[in-house]
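File shown: run.pdb (PDB, C-alpha atoms and all ligand atoms).
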ATOM      1  CA  MET A   1      13.223 -11.934 -13.592
ATOM      2  CA  ARG A   2      10.198 -13.843 -12.290
ATOM      3  CA  PHE A   3       7.914 -11.991  -9.879
ATOM      4  CA  ALA A   4       8.467 -14.756  -7.297
ATOM      5  CA  ASP A   5      12.234 -14.188  -7.374
ATOM      6  CA  ARG A   6      11.820 -10.434  -6.912
ATOM      7  CA  LEU A   7       9.444 -11.085  -4.028
ATOM      8  CA  ASN A   8      11.842 -13.514  -2.355
ATOM      9  CA  ALA A   9      14.669 -10.996  -2.556
ATOM     10  CA  ALA A  10      12.467  -8.174  -1.265
ATOM     11  CA  THR A  11      11.157 -10.169   1.711
ATOM     12  CA  ARG A  12      14.529 -11.297   3.012
ATOM     13  CA  ASP A  13      14.655  -8.600   5.719
ATOM     14  CA  SER A  14      11.017  -7.511   5.916
ATOM     15  CA  LEU A  15       7.517  -8.879   5.314
ATOM     16  CA  LEU A  16       5.920  -5.455   5.539
ATOM     17  CA  CYS A  17       3.878  -4.164   2.625
ATOM     18  CA  VAL A  18       3.162  -0.467   3.099
ATOM     19  CA  GLY A  19      -0.320   0.273   1.783
ATOM     20  CA  LEU A  20      -0.842   3.588   0.007
ATOM     21  CA  ASP A  21      -4.507   4.499   0.529
ATOM     22  CA  PRO A  22      -4.340   8.304   0.334
ATOM     23  CA  ASP A  23      -7.472   9.898   1.780
ATOM     24  CA  PRO A  24      -7.193  13.711   1.553
ATOM     25  CA  SER A  25      -9.644  14.156   4.449
ATOM     26  CA  LYS A  26      -6.986  12.559   6.691
ATOM     27  CA  PHE A  27      -3.983  14.459   5.349
ATOM     28  CA  PRO A  28      -1.853  16.398   7.817
ATOM     29  CA  GLY A  29      -2.007  20.132   8.494
ATOM     30  CA  ASP A  30      -2.716  22.404   5.533
ATOM     31  CA  TRP A  31      -2.829  19.461   3.149
ATOM     32  CA  GLN A  32      -6.081  18.242   4.656
ATOM     33  CA  GLY A  33      -8.794  17.987   2.014
ATOM     34  CA  ASP A  34      -6.450  18.810  -0.862
ATOM     35  CA  ALA A  35      -6.468  16.026  -3.477
ATOM     36  CA  ARG A  36      -3.647  17.792  -5.342
ATOM     37  CA  ARG A  37      -1.390  16.669  -2.478
ATOM     38  CA  ILE A  38      -1.990  12.937  -2.991
ATOM     39  CA  ALA A  39       1.356  12.327  -4.682
ATOM     40  CA  ASP A  40       3.242  14.586  -2.252
ATOM     41  CA  PHE A  41       1.702  12.707   0.677
ATOM     42  CA  CYS A  42       2.446   9.251  -0.739
ATOM     43  CA  CYS A  43       5.983  10.172  -1.817
ATOM     44  CA  ALA A  44       6.745  11.431   1.699
ATOM     45  CA  ILE A  45       5.508   8.085   3.100
ATOM     46  CA  VAL A  46       7.615   6.207   0.542
ATOM     47  CA  ASP A  47      10.721   8.219   1.474
ATOM     48  CA  ALA A  48      10.126   7.551   5.177
ATOM     49  CA  THR A  49       9.531   3.795   4.822
ATOM     50  CA  ALA A  50      11.422   2.622   1.718
ATOM     51  CA  ASP A  51      14.166   0.898   3.721
ATOM     52  CA  LEU A  52      11.561  -0.935   5.839
ATOM     53  CA  ALA A  53       9.177  -2.017   3.079
ATOM     54  CA  ALA A  54       9.150  -5.334   1.265
ATOM     55  CA  ALA A  55       6.506  -3.885  -1.073
ATOM     56  CA  PHE A  56       4.252  -0.911  -1.606
ATOM     57  CA  LYS A  57       0.563  -1.433  -2.345
ATOM     58  CA  PRO A  58      -1.214   1.566  -3.832
ATOM     59  CA  GLN A  59      -4.993   1.129  -3.660
ATOM     60  CA  ILE A  60      -6.244   2.431  -7.012
ATOM     61  CA  ALA A  61      -9.664   3.458  -5.662
ATOM     62  CA  TYR A  62      -8.183   6.326  -3.643
ATOM     63  CA  PHE A  63      -6.473   7.742  -6.718
ATOM     64  CA  ALA A  64      -9.283   7.119  -9.201
ATOM     65  CA  ALA A  65     -11.987   8.588  -6.942
ATOM     66  CA  ALA A  66     -10.037  11.845  -6.916
ATOM     67  CA  GLY A  67      -9.286  11.736 -10.661
ATOM     68  CA  ALA A  68      -5.649  11.391  -9.638
ATOM     69  CA  GLU A  69      -4.357   8.583 -11.853
ATOM     70  CA  ASP A  70      -1.540  10.874 -13.001
ATOM     71  CA  GLN A  71      -0.481  11.192  -9.367
ATOM     72  CA  LEU A  72      -0.582   7.386  -8.989
ATOM     73  CA  LEU A  73       1.911   7.069 -11.832
ATOM     74  CA  ARG A  74       4.072   9.769 -10.233
ATOM     75  CA  VAL A  75       4.097   7.830  -6.950
ATOM     76  CA  ILE A  76       4.978   4.538  -8.658
ATOM     77  CA  ARG A  77       7.824   6.208 -10.567
ATOM     78  CA  HIS A  78       9.002   7.743  -7.316
ATOM     79  CA  ILE A  79       9.121   4.257  -5.751
ATOM     80  CA  ARG A  80      11.157   3.033  -8.735
ATOM     81  CA  ALA A  81      13.648   5.862  -8.318
ATOM     82  CA  LYS A  82      13.888   5.661  -4.543
ATOM     83  CA  ALA A  83      13.673   1.901  -4.024
ATOM     84  CA  PRO A  84      13.958   0.011  -7.320
ATOM     85  CA  GLN A  85      14.199  -3.335  -5.509
ATOM     86  CA  VAL A  86      10.805  -2.913  -3.798
ATOM     87  CA  PRO A  87       7.897  -4.410  -5.775
ATOM     88  CA  VAL A  88       4.720  -2.430  -6.391
ATOM     89  CA  VAL A  89       1.431  -4.307  -5.990
ATOM     90  CA  LEU A  90      -1.451  -2.411  -7.555
ATOM     91  CA  ASP A  91      -4.577  -3.152  -5.527
ATOM     92  CA  ALA A  92      -7.274  -2.948  -8.201
ATOM     93  CA  LYS A  93      -9.230  -6.209  -7.709
ATOM     94  CA  ARG A  94      -9.972  -6.492 -11.401
ATOM     95  CA  GLY A  95     -12.025  -9.313 -12.898
ATOM     96  CA  ASP A  96     -13.884  -9.320 -16.218
ATOM     97  CA  ILE A  97     -14.237 -11.315 -19.455
ATOM     98  CA  GLY A  98     -11.005 -12.085 -21.287
ATOM     99  CA  ALA A  99     -11.145  -9.219 -23.802
ATOM    100  CA  THR A 100     -11.694  -6.649 -21.072
ATOM    101  CA  ALA A 101      -9.226  -8.379 -18.741
ATOM    102  CA  THR A 102      -6.544  -7.917 -21.408
ATOM    103  CA  LEU A 103      -7.072  -4.166 -21.110
ATOM    104  CA  TYR A 104      -7.067  -4.299 -17.306
ATOM    105  CA  ALA A 105      -3.727  -6.128 -17.547
ATOM    106  CA  ARG A 106      -2.368  -3.361 -19.770
ATOM    107  CA  GLU A 107      -3.677  -0.794 -17.292
ATOM    108  CA  ALA A 108      -1.832  -2.459 -14.390
ATOM    109  CA  PHE A 109       1.374  -3.528 -16.115
ATOM    110  CA  GLU A 110       1.868  -0.955 -18.911
ATOM    111  CA  ARG A 111       0.078   2.187 -17.792
ATOM    112  CA  PHE A 112       0.930   1.898 -14.092
ATOM    113  CA  GLU A 113       4.059  -0.257 -14.481
ATOM    114  CA  ALA A 114       3.077  -2.446 -11.511
ATOM    115  CA  ASP A 115       4.910  -5.644 -10.592
ATOM    116  CA  ALA A 116       1.688  -7.334  -9.497
ATOM    117  CA  VAL A 117      -2.040  -6.668  -9.341
ATOM    118  CA  THR A 118      -4.913  -7.961  -7.212
ATOM    119  CA  LEU A 119      -7.724  -9.841  -8.997
ATOM    120  CA  SER A 120     -11.176 -11.124  -8.156
ATOM    121  CA  PRO A 121     -11.676 -14.773  -9.217
ATOM    122  CA  TYR A 122     -15.474 -14.541  -9.258
ATOM    123  CA  MET A 123     -15.723 -14.800 -13.065
ATOM    124  CA  GLY A 124     -13.310 -17.725 -13.391
ATOM    125  CA  PHE A 125      -9.838 -18.496 -14.665
ATOM    126  CA  ASP A 126     -10.336 -17.074 -18.165
ATOM    127  CA  THR A 127     -10.518 -13.653 -16.498
ATOM    128  CA  ILE A 128      -7.172 -14.246 -14.751
ATOM    129  CA  GLU A 129      -5.328 -15.808 -17.669
ATOM    130  CA  PRO A 130      -4.778 -12.603 -19.723
ATOM    131  CA  PHE A 131      -2.700 -11.200 -16.852
ATOM    132  CA  LEU A 132      -0.400 -14.238 -16.950
ATOM    133  CA  ALA A 133       0.794 -13.301 -20.438
ATOM    134  CA  TRP A 134       3.051 -10.800 -18.627
ATOM    135  CA  GLN A 135       5.370 -13.585 -17.512
ATOM    136  CA  ASP A 136       7.585 -11.406 -15.310
ATOM    137  CA  ARG A 137       4.627  -9.972 -13.351
ATOM    138  CA  GLY A 138       2.426 -11.447 -10.638
ATOM    139  CA  VAL A 139      -1.209 -11.545  -9.611
ATOM    140  CA  PHE A 140      -2.800 -11.923  -6.176
ATOM    141  CA  VAL A 141      -6.224 -13.550  -6.385
ATOM    142  CA  LEU A 142      -8.767 -12.861  -3.632
ATOM    143  CA  CYS A 143      -9.090 -16.087  -1.626
ATOM    144  CA  ARG A 144     -10.095 -15.481   2.013
ATOM    145  CA  THR A 145     -10.557 -11.760   2.346
ATOM    146  CA  SER A 146     -10.120  -9.816   5.593
ATOM    147  CA  ASN A 147     -13.686  -8.481   5.816
ATOM    148  CA  PRO A 148     -16.511 -10.185   7.761
ATOM    149  CA  GLY A 149     -18.639 -10.493   4.612
ATOM    150  CA  GLY A 150     -15.989 -12.777   3.128
ATOM    151  CA  ASP A 151     -17.911 -15.542   4.925
ATOM    152  CA  ASP A 152     -20.879 -15.127   2.588
ATOM    153  CA  PHE A 153     -19.279 -17.027  -0.298
ATOM    154  CA  GLN A 154     -15.667 -17.911   0.554
ATOM    155  CA  MET A 155     -16.655 -20.242   3.425
ATOM    156  CA  GLN A 156     -19.367 -22.066   1.445
ATOM    157  CA  ARG A 157     -18.734 -25.694   0.504
ATOM    158  CA  LEU A 158     -18.648 -26.633  -3.166
ATOM    159  CA  ALA A 159     -21.053 -29.557  -3.268
ATOM    160  CA  ASP A 160     -19.985 -30.774  -6.719
ATOM    161  CA  VAL A 161     -16.222 -30.917  -6.044
ATOM    162  CA  ASP A 162     -14.645 -34.049  -4.497
ATOM    163  CA  GLY A 163     -14.260 -33.696  -0.737
ATOM    164  CA  GLN A 164     -16.576 -30.668  -0.696
ATOM    165  CA  PRO A 165     -13.917 -28.030  -0.064
ATOM    166  CA  ARG A 166     -14.919 -24.541   0.911
ATOM    167  CA  LEU A 167     -14.590 -22.002  -1.903
ATOM    168  CA  PHE A 168     -11.413 -20.426  -0.478
ATOM    169  CA  GLU A 169      -9.835 -23.886  -0.149
ATOM    170  CA  GLU A 170     -10.541 -24.710  -3.779
ATOM    171  CA  LEU A 171      -9.011 -21.383  -4.835
ATOM    172  CA  ALA A 172      -5.901 -22.205  -2.799
ATOM    173  CA  ARG A 173      -5.648 -25.666  -4.349
ATOM    174  CA  ARG A 174      -5.913 -24.298  -7.886
ATOM    175  CA  ALA A 175      -3.382 -21.530  -7.233
ATOM    176  CA  GLN A 176      -0.865 -24.185  -6.147
ATOM    177  CA  THR A 177      -1.621 -26.584  -9.024
ATOM    178  CA  GLU A 178      -3.220 -25.834 -12.378
ATOM    179  CA  TRP A 179      -2.894 -22.030 -12.221
ATOM    180  CA  ASN A 180       0.756 -22.235 -11.151
ATOM    181  CA  ARG A 181       2.243 -22.346 -14.660
ATOM    182  CA  ILE A 182       5.197 -20.118 -13.786
ATOM    183  CA  GLU A 183       6.178 -20.827 -10.170
ATOM    184  CA  GLY A 184       4.809 -18.126  -7.879
ATOM    185  CA  GLN A 185       3.187 -16.013 -10.598
ATOM    186  CA  VAL A 186      -0.265 -16.545  -9.069
ATOM    187  CA  GLY A 187      -0.543 -15.517  -5.431
ATOM    188  CA  LEU A 188      -3.501 -15.283  -3.071
ATOM    189  CA  VAL A 189      -5.009 -12.612  -0.827
ATOM    190  CA  VAL A 190      -5.736 -13.947   2.650
ATOM    191  CA  GLY A 191      -6.789 -11.699   5.529
ATOM    192  CA  ALA A 192      -4.723 -11.440   8.703
ATOM    193  CA  THR A 193      -8.080 -11.359  10.469
ATOM    194  CA  TYR A 194      -8.468 -15.120   9.817
ATOM    195  CA  PRO A 195      -5.240 -16.860  10.907
ATOM    196  CA  ARG A 196      -6.930 -20.295  11.025
ATOM    197  CA  GLU A 197      -7.884 -20.082   7.375
ATOM    198  CA  LEU A 198      -4.458 -18.662   6.575
ATOM    199  CA  ALA A 199      -2.920 -21.825   8.035
ATOM    200  CA  ARG A 200      -5.346 -23.915   5.971
ATOM    201  CA  VAL A 201      -4.373 -22.030   2.815
ATOM    202  CA  ARG A 202      -0.741 -22.817   3.588
ATOM    203  CA  GLU A 203      -1.555 -26.539   3.884
ATOM    204  CA  LEU A 204      -3.081 -26.468   0.423
ATOM    205  CA  ALA A 205      -0.739 -23.953  -1.185
ATOM    206  CA  PRO A 206       2.670 -24.125   0.515
ATOM    207  CA  THR A 207       4.671 -22.204  -2.090
ATOM    208  CA  VAL A 208       2.108 -19.681  -3.351
ATOM    209  CA  PRO A 209       2.894 -16.036  -2.481
ATOM    210  CA  LEU A 210       0.363 -14.568  -0.064
ATOM    211  CA  LEU A 211      -0.686 -10.940   0.256
ATOM    212  CA  VAL A 212      -2.087 -10.581   3.756
ATOM    213  CA  PRO A 213      -3.999  -7.367   4.551
ATOM    214  CA  GLY A 214      -5.712  -6.722   7.874
ATOM    215  CA  VAL A 215      -2.869  -5.939  10.265
ATOM    216  CA  GLY A 216      -3.159  -2.478  11.847
ATOM    217  CA  ALA A 217      -6.503  -0.712  11.408
ATOM    218  CA  GLN A 218      -8.464  -3.976  10.976
ATOM    219  CA  GLY A 219      -6.981  -5.509  14.115
ATOM    220  CA  GLY A 220      -5.272  -8.573  12.624
ATOM    221  CA  ASP A 221      -2.514 -10.072  14.780
ATOM    222  CA  ALA A 222       0.926  -9.776  13.160
ATOM    223  CA  VAL A 223       2.465 -12.605  15.198
ATOM    224  CA  ALA A 224      -0.439 -15.013  14.623
ATOM    225  CA  THR A 225      -0.212 -14.188  10.910
ATOM    226  CA  VAL A 226       3.465 -15.103  10.664
ATOM    227  CA  GLN A 227       2.956 -18.276  12.724
ATOM    228  CA  ALA A 228       0.006 -19.378  10.590
ATOM    229  CA  ASN A 229       2.004 -18.756   7.440
ATOM    230  CA  GLY A 230       5.108 -20.723   8.336
ATOM    231  CA  ALA A 231       7.896 -20.328   5.813
ATOM    232  CA  GLY A 232       5.984 -19.572   2.603
ATOM    233  CA  PRO A 233       6.442 -16.312   0.676
ATOM    234  CA  MET A 234       4.278 -13.574   2.144
ATOM    235  CA  LEU A 235       3.652  -9.831   2.255
ATOM    236  CA  VAL A 236       1.768  -8.427   5.248
ATOM    237  CA  ASN A 237       0.007  -5.179   4.426
ATOM    238  CA  SER A 238      -0.797  -2.301   6.711
ATOM    239  CA  SER A 239      -2.191   0.946   5.281
ATOM    240  CA  ARG A 240      -4.113   3.381   7.515
ATOM    241  CA  ALA A 241      -2.254   2.552  10.739
ATOM    242  CA  ILE A 242       0.965   3.692   9.062
ATOM    243  CA  LEU A 243      -0.321   6.491   6.828
ATOM    244  CA  TYR A 244      -2.290   8.341   9.492
ATOM    245  CA  ALA A 245      -0.104   7.722  12.542
ATOM    246  CA  GLY A 246       0.633  11.460  12.711
ATOM    247  CA  ARG A 247      -1.522  14.479  11.835
ATOM    248  CA  SER A 248       0.976  17.326  11.689
ATOM    249  CA  LEU A 249       2.848  18.346   8.554
ATOM    250  CA  ALA A 250       6.040  18.650  10.563
ATOM    251  CA  ASP A 251       6.260  14.989  11.538
ATOM    252  CA  PHE A 252       3.613  12.799   9.858
ATOM    253  CA  ALA A 253       6.273  10.997   7.837
ATOM    254  CA  GLN A 254       8.405  10.277  10.921
ATOM    255  CA  GLN A 255       5.309   9.020  12.778
ATOM    256  CA  ALA A 256       4.499   6.782   9.831
ATOM    257  CA  ARG A 257       8.045   5.489   9.882
ATOM    258  CA  ALA A 258       7.818   4.702  13.596
ATOM    259  CA  VAL A 259       4.691   2.549  13.095
ATOM    260  CA  ALA A 260       6.172   0.897   9.996
ATOM    261  CA  LEU A 261       9.368   0.118  11.917
ATOM    262  CA  ALA A 262       7.472  -1.385  14.858
ATOM    263  CA  THR A 263       5.325  -3.490  12.516
ATOM    264  CA  ARG A 264       8.315  -4.623  10.462
ATOM    265  CA  ASP A 265      10.168  -5.611  13.645
ATOM    266  CA  GLN A 266       7.171  -7.452  15.081
ATOM    267  CA  LEU A 267       6.813  -9.448  11.856
ATOM    268  CA  GLN A 268      10.546 -10.186  11.694
ATOM    269  CA  ALA A 269      10.719 -11.343  15.306
ATOM    270  CA  ALA A 270       7.920 -13.848  14.667
ATOM    271  CA  ARG A 271       9.607 -15.431  11.599
TER     272      ARG A 271
HETATM  273  O1  LIG A 301      -9.187  -8.857   1.893
HETATM  274  C1  LIG A 301      -8.753  -7.717   1.666
HETATM  275  C2  LIG A 301      -8.253  -7.344   0.438
HETATM  276  C3  LIG A 301      -7.736  -6.101   0.283
HETATM  277  N1  LIG A 301      -7.734  -5.193   1.299
HETATM  278  C4  LIG A 301      -7.125  -3.869   1.061
HETATM  279  O2  LIG A 301      -5.980  -3.748   1.907
HETATM  280  C5  LIG A 301      -5.920  -2.443   2.478
HETATM  281  C6  LIG A 301      -6.103  -2.529   3.985
HETATM  282  O3  LIG A 301      -6.027  -1.271   4.558
HETATM  283  P1  LIG A 301      -5.909  -1.027   6.168
HETATM  284  O4  LIG A 301      -5.967   0.450   6.289
HETATM  285  O5  LIG A 301      -4.591  -1.594   6.607
HETATM  286  O6  LIG A 301      -7.066  -1.709   6.797
HETATM  287  C7  LIG A 301      -6.992  -1.626   1.771
HETATM  288  O7  LIG A 301      -6.407  -1.032   0.632
HETATM  289  C8  LIG A 301      -8.008  -2.672   1.329
HETATM  290  O8  LIG A 301      -8.699  -2.279   0.167
HETATM  291  C9  LIG A 301      -8.253  -5.559   2.502
HETATM  292  O9  LIG A 301      -8.275  -4.779   3.473
HETATM  293  N2  LIG A 301      -8.740  -6.813   2.660
END

Let me see the file written as structure tokens.
Ligand SMILES: O=c1ccn([C@@H]2O[C@H](COP(=O)(O)O)[C@@H](O)[C@H]2O)c(=O)[nH]1
Amino acid sequence: MRFADRLNAATRDSLLCVGLDPDPSKFPGDWQGDARRIADFCCAIVDATADLAAAFKPQIAYFAAAGAEDQLLRVIRHIRAKAPQVPVVLDAKRGDIGATATLYAREAFERFEADAVTLSPYMGFDTIEPFLAWQDRGVFVLCRTSNPGGDDFQMQRLADVDGQPRLFEELARRAQTEWNRIEGQVGLVVGATYPRELARVRELAPTVPLLVPGVGAQGGDAVATVQANGAGPMLVNSSRAILYAGRSLADFAQQARAVALATRDQLQAAR
């Protein structure tokens, strides 16, 4: 099945992507500081939110920094067992020459069994293309990122391209046209912190799947995000606001669920 079809099915009742950014220093109770609890923590969050989530997005940095790649695989397999219909987006932001990109694609799709992976487009399309050989998987290419420093390059105009689009606009145009070989295989990352640019991306790329981080801890507005998006396929990610809603071992998962539920409902009401 194409990634776009799985995404459409998964987003029927929810746009919420639950981000898995496990930081042991923020773990509840006795688990605080214990990197051996990464999988236990994430699996508890998955169990508490699986029926609310349109996707899960593990951020590889949090696992790799702790030498916990084995725990990442355990979490992804737990998601498969608990919620097989919910896609897993591995947030790895890879981007390197073709030969190396081929190995990054194997890392994401074979080693970690992800449905989709985030990529940086900085080195050009030949660094994205190896990932597209996995025809049933997806990629989300950084376009207009949620951080303030995204302005440095993404908002610059490309003087040698007709109409002088800004870099993020040209990325959106390409994702909708020449990179879109299998419909919806190439998606874009656009921050919820920039709803105006999100709307512009949608003008240029109406059917491209969007991964939209920035709701929750970064202050992005869930309602403005949905309104700017219109009807196109979209996942709206929230990580820390959900993961660290509670600090006690007795109820951190229920607290996470409560925030996930409120966010899911807010996104649904705005559709
Ligand atoms: O533009 C981007 C691209 C990726 N991210 C990632 O999303 C989550 C956001 O976490 P919050 O705790 O909800 O702020 C995190 O994994 C980032 O690496 C992003 O924030 N912005």

### Given 7 Å and all atoms listed in the file, residues near ligand LIG 301 (chain A) as a ChimeraX atom specification
/A:19,21,59,91,142,144-147,189-191,213-218,237-241

### Task
Starting from the shown file, work through the PyMOL selection byres (((chain A and resi 49) around 12) and not hetatm) and note down what comes out as a PyMOL selection string.
chain A and resi 14+16-20+42-48+50-56+79+82-83+86+242-243+252-264

### Task
Apply the PyMOL selection byres (((chain A and resi 135) around 8) and not hetatm) to the structure shown and report the selected residues as a PyMOL selection string.
chain A and resi 2+132-134+136-138+182+185

Neighbour list for Thr225 in chain A as a compact mmCIF listing (two decimals) with C-alpha atoms, in the coordinates of the input, cut-off 10 Å, only C-alpha atoms, skip fewer than 4 positions in-chain:
# COMPACT_ATOMS: atom_id res chain seq x y z
CA VAL A 190 -5.74 -13.95 2.65
CA GLY A 191 -6.79 -11.70 5.53
CA ALA A 192 -4.72 -11.44 8.70
CA THR A 193 -8.08 -11.36 10.47
CA TYR A 194 -8.47 -15.12 9.82
CA PRO A 195 -5.24 -16.86 10.91
CA ARG A 196 -6.93 -20.30 11.02
CA LEU A 198 -4.46 -18.66 6.58
CA ALA A 199 -2.92 -21.82 8.04
CA VAL A 212 -2.09 -10.58 3.76
CA GLY A 214 -5.71 -6.72 7.87
CA VAL A 215 -2.87 -5.94 10.26
CA GLY A 220 -5.27 -8.57 12.62
CA ASP A 221 -2.51 -10.07 14.78
CA ASN A 229 2.00 -18.76 7.44
CA GLY A 230 5.11 -20.72 8.34
CA MET A 234 4.28 -13.57 2.14
CA VAL A 236 1.77 -8.43 5.25
CA LEU A 267 6.81 -9.45 11.86
CA ALA A 270 7.92 -13.85 14.67
CA ARG A 271 9.61 -15.43 11.60

### Query
Out of A:Ala39, A:Val201, A:Ala159, A:Ala101, which residue has the shortest atom-to-atom distance to Arg74 in chain A when counting only C-alpha atoms?
A:Ala39

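With CA of Gly150 in chain A on one side and CA of Ala224 in chain A on the other, the separation reads 19.5 Å.
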
### Task
Output the residue selection produced by the PyMOL selection byres (((chain A and resi 32-35) around 12) and not hetatm) on the file above, formatted as a ChimeraX atom specification.
/A:22-31,36-42,62-72,244,247-249

### Within 12 Å of Leu103 in chain A using only C-alpha atoms, minus same-chain residues under 4 positions, as a list in words
Arg94, Gly95, Asp96, Ile97, Gly98, Ala99, Glu107, Ala108, Phe109, Glu110, Arg111, Thr127, Ile128, Pro130 and Phe131 of chain A

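Note that the spacing between CA of Trp179 in chain A and CA of Ala231 in chain A amounts to 21.1 Å.
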
### Query
Of the candidates A:Ala92, A:Leu204, A:Leu210, A:Ala222, which shows the shortest atom-to-atom distance to Gln176 in chain A, using all atoms listed in the file?
A:Leu204

Within 10 Å of range 7-12 of chain A, which residues of range 124-241 of chain A come that close, and what is the closest atom pair and distance in Å for each? Count all atoms listed in the file and give it as a tab-separated table.
residue	atom	partner	partner_atom	distance
A:Gly138	CA	A:Leu7	CA	9.6
A:Gly184	CA	A:Leu7	CA	9.3
A:Pro209	CA	A:Leu7	CA	8.4
A:Gly232	CA	A:Asn8	CA	9.8
A:Pro233	CA	A:Asn8	CA	6.8
A:Met234	CA	A:Thr11	CA	7.7
A:Leu235	CA	A:Thr11	CA	7.5

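Between CA of Cys143 in chain A and CA of Leu171 in chain A there is a distance of 6.2 Å.
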
Extending 3 Å beyond the listed atoms of range 259-270 of chain A on each side, what axis-aligned box results? I want centre and edge lengths in Å to one decimal, as AutoDock Vina command-line options.
--center_x 7.7 --center_y -5.6 --center_z 12.7 --size_x 12.0 --size_y 22.4 --size_z 11.3

### Task
Pick out the closest residue to Glu113 in chain A from this set: A:Leu73, A:Gln164, A:Asp126, A:Glu178. Count all atoms listed in the file.
A:Leu73
